[in-house]
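S.K.: Handing you this structure, nothing more for now.
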Amino acid sequence: VFVVLVGFLACAMASQGGAARGVYSLARDGVFPFSGQVRRVNRRQAPIGGLLASTAVSCSALFLGLNATAIGSLIAFGTAATFLPFFLVSLAALVARLRGTWVPSGHIRLGRKGTFLNVLAVLWTAFEVANVCWPRAILAPPGAPWYQIWAGLLGTGVVITAGLLYLLVRRPQEKLRALEPQAARTSPDRSGEPAAGLS
């Protein structure tokens with residue numbers, strides 16, 4: 001039990017750290033809801049605002065059930081919300097590669113191999129999202145309500161719907177396009193970055 005508990009907490013902390021850095025990077029550019037609060041860092045330059053935001057979103061899964069028998073639904077909800085951003089990022093990168101609008105920076109260039117790996121990433125993360133979101137009664141307690149059985153799909157649907165509505169209403173992509181010329185003129189070493197240990 002101790003090993004399972006440690007493994008579960010380690011996975012949770014890794015997922016929370018990745019989500020925190022993701023929302024911090026968006027908030028830093030001012031394209032995330034409540035960006036002023038989310039991009040705050042503490043005295044050690046840790047993205048404390050992103051950590052709090054990701055924790056608040058994760059806690060919303062508790063509405064699916066507050067008893068021990070709903071643990072399968074809670075895990076499905078959290079796992080779906082973890083894999084979905086990876087799928088969306090890999091898909092966006094693949095579309096940009098194929099359109100020729102994105103050229104990876106840095107010294108390592110994989111060329112066609114990079115595109116092949118990008119396709120594999122899209123296929124794998126799509127499989128993982130579909131696998132996790134597929135409703136299974138075995139993950140929920142006997143006689144569980146429908147929202148516990150469909151927890152993974154509900155979590156993914158909520159994230160996608162909220163993201164699409166935000167894109168349509170607030171149009172943060174236009175702000176990012178306006179920032180591109182300015183980012184090209186600045187140094188890669190920008191102030192206010194979280195500590196390197198959180199990478």
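Each chain of the structure tokens is named A, B, ... in the order shown, its residues numbered from 1; ligands are numbered from 1 in display order.
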List the spatial neighbours of Phe32 (chain A) as a ChimeraX atom specification - criterion: any atom at most 10 Å away, only C-alpha atoms, same-chain residues fewer than 6 positions off excluded.
M.R.: /A:23-26,38-39,166,170,172
S.K.: Any idea what's packed within 10 Å of Gly17 (chain A), counting only C-alpha atoms, ignoring anything in its chain fewer than 5 positions away? Could you give it as a VMD selection string?
M.R.: chain A and resid 11 to 12 22 47 50 to 51 54 to 55 198 to 199
S.K.: Only all heavy atoms, please: the residues just picked out, written as an mmCIF file, in the first residue's frame.
M.R.:
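Just written: again-v6.cif:
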```cif
data_model
loop_
_atom_site.group_PDB
_atom_site.id
_atom_site.type_symbol
_atom_site.label_atom_id
_atom_site.label_comp_id
_atom_site.auth_asym_id
_atom_site.auth_seq_id
_atom_site.Cartn_x
_atom_site.Cartn_y
_atom_site.Cartn_z
ATOM 1 N N CYS A 11 3.105 10.671 -9.248
ATOM 2 C CA CYS A 11 2.433 10.970 -10.520
ATOM 3 C C CYS A 11 1.610 12.246 -10.418
ATOM 4 O O CYS A 11 1.589 13.067 -11.343
ATOM 5 C CB CYS A 11 1.541 9.806 -10.925
ATOM 6 S SG CYS A 11 2.439 8.322 -11.408
ATOM 7 N N ALA A 12 0.926 12.408 -9.287
ATOM 8 C CA ALA A 12 0.105 13.607 -9.095
ATOM 9 C C ALA A 12 0.970 14.863 -9.080
ATOM 10 O O ALA A 12 0.627 15.881 -9.699
ATOM 11 C CB ALA A 12 -0.690 13.495 -7.799
ATOM 12 N N GLY A 22 2.575 24.991 -17.665
ATOM 13 C CA GLY A 22 1.808 25.285 -18.878
ATOM 14 C C GLY A 22 0.937 26.512 -18.724
ATOM 15 O O GLY A 22 0.955 27.418 -19.573
ATOM 16 N N PRO A 47 6.329 28.977 -9.914
ATOM 17 C CA PRO A 47 5.046 29.501 -10.399
ATOM 18 C C PRO A 47 3.898 29.158 -9.463
ATOM 19 O O PRO A 47 3.061 28.297 -9.735
ATOM 20 C CB PRO A 47 4.903 28.815 -11.763
ATOM 21 C CG PRO A 47 5.626 27.517 -11.603
ATOM 22 C CD PRO A 47 6.799 27.814 -10.686
ATOM 23 N N GLY A 50 0.361 29.345 -10.948
ATOM 24 C CA GLY A 50 0.023 28.199 -11.773
ATOM 25 C C GLY A 50 -0.275 26.959 -10.953
ATOM 26 O O GLY A 50 -1.176 26.176 -11.283
ATOM 27 N N LEU A 51 0.472 26.765 -9.859
ATOM 28 C CA LEU A 51 0.223 25.625 -8.981
ATOM 29 C C LEU A 51 -1.158 25.710 -8.346
ATOM 30 O O LEU A 51 -1.893 24.722 -8.273
ATOM 31 C CB LEU A 51 1.305 25.560 -7.903
ATOM 32 C CG LEU A 51 2.690 25.117 -8.361
ATOM 33 C CD1 LEU A 51 3.717 25.323 -7.249
ATOM 34 C CD2 LEU A 51 2.667 23.650 -8.780
ATOM 35 N N SER A 54 -3.861 25.064 -11.144
ATOM 36 C CA SER A 54 -3.973 23.658 -11.519
ATOM 37 C C SER A 54 -4.582 22.831 -10.392
ATOM 38 O O SER A 54 -5.338 21.886 -10.647
ATOM 39 C CB SER A 54 -2.603 23.099 -11.905
ATOM 40 O OG SER A 54 -1.684 23.221 -10.831
ATOM 41 N N THR A 55 -4.278 23.196 -9.144
ATOM 42 C CA THR A 55 -4.871 22.487 -8.010
ATOM 43 C C THR A 55 -6.374 22.725 -7.939
ATOM 44 O O THR A 55 -7.160 21.796 -7.689
ATOM 45 C CB THR A 55 -4.213 22.939 -6.698
ATOM 46 O OG1 THR A 55 -2.813 22.674 -6.760
ATOM 47 C CG2 THR A 55 -4.808 22.205 -5.511
ATOM 48 N N LEU A 198 12.319 23.488 -11.668
ATOM 49 C CA LEU A 198 10.937 23.134 -11.924
ATOM 50 C C LEU A 198 10.706 22.763 -13.374
ATOM 51 O O LEU A 198 9.596 22.516 -13.779
ATOM 52 C CB LEU A 198 10.008 24.294 -11.537
ATOM 53 C CG LEU A 198 9.948 24.599 -10.062
ATOM 54 C CD1 LEU A 198 9.200 25.902 -9.836
ATOM 55 C CD2 LEU A 198 9.298 23.475 -9.293
ATOM 56 N N SER A 199 11.739 22.752 -14.205
ATOM 57 C CA SER A 199 11.586 22.438 -15.626
ATOM 58 C C SER A 199 11.177 20.995 -15.805
ATOM 59 O O SER A 199 11.523 20.139 -15.038
ATOM 60 C CB SER A 199 12.903 22.677 -16.360
ATOM 61 O OG SER A 199 13.253 24.039 -16.251
#
```
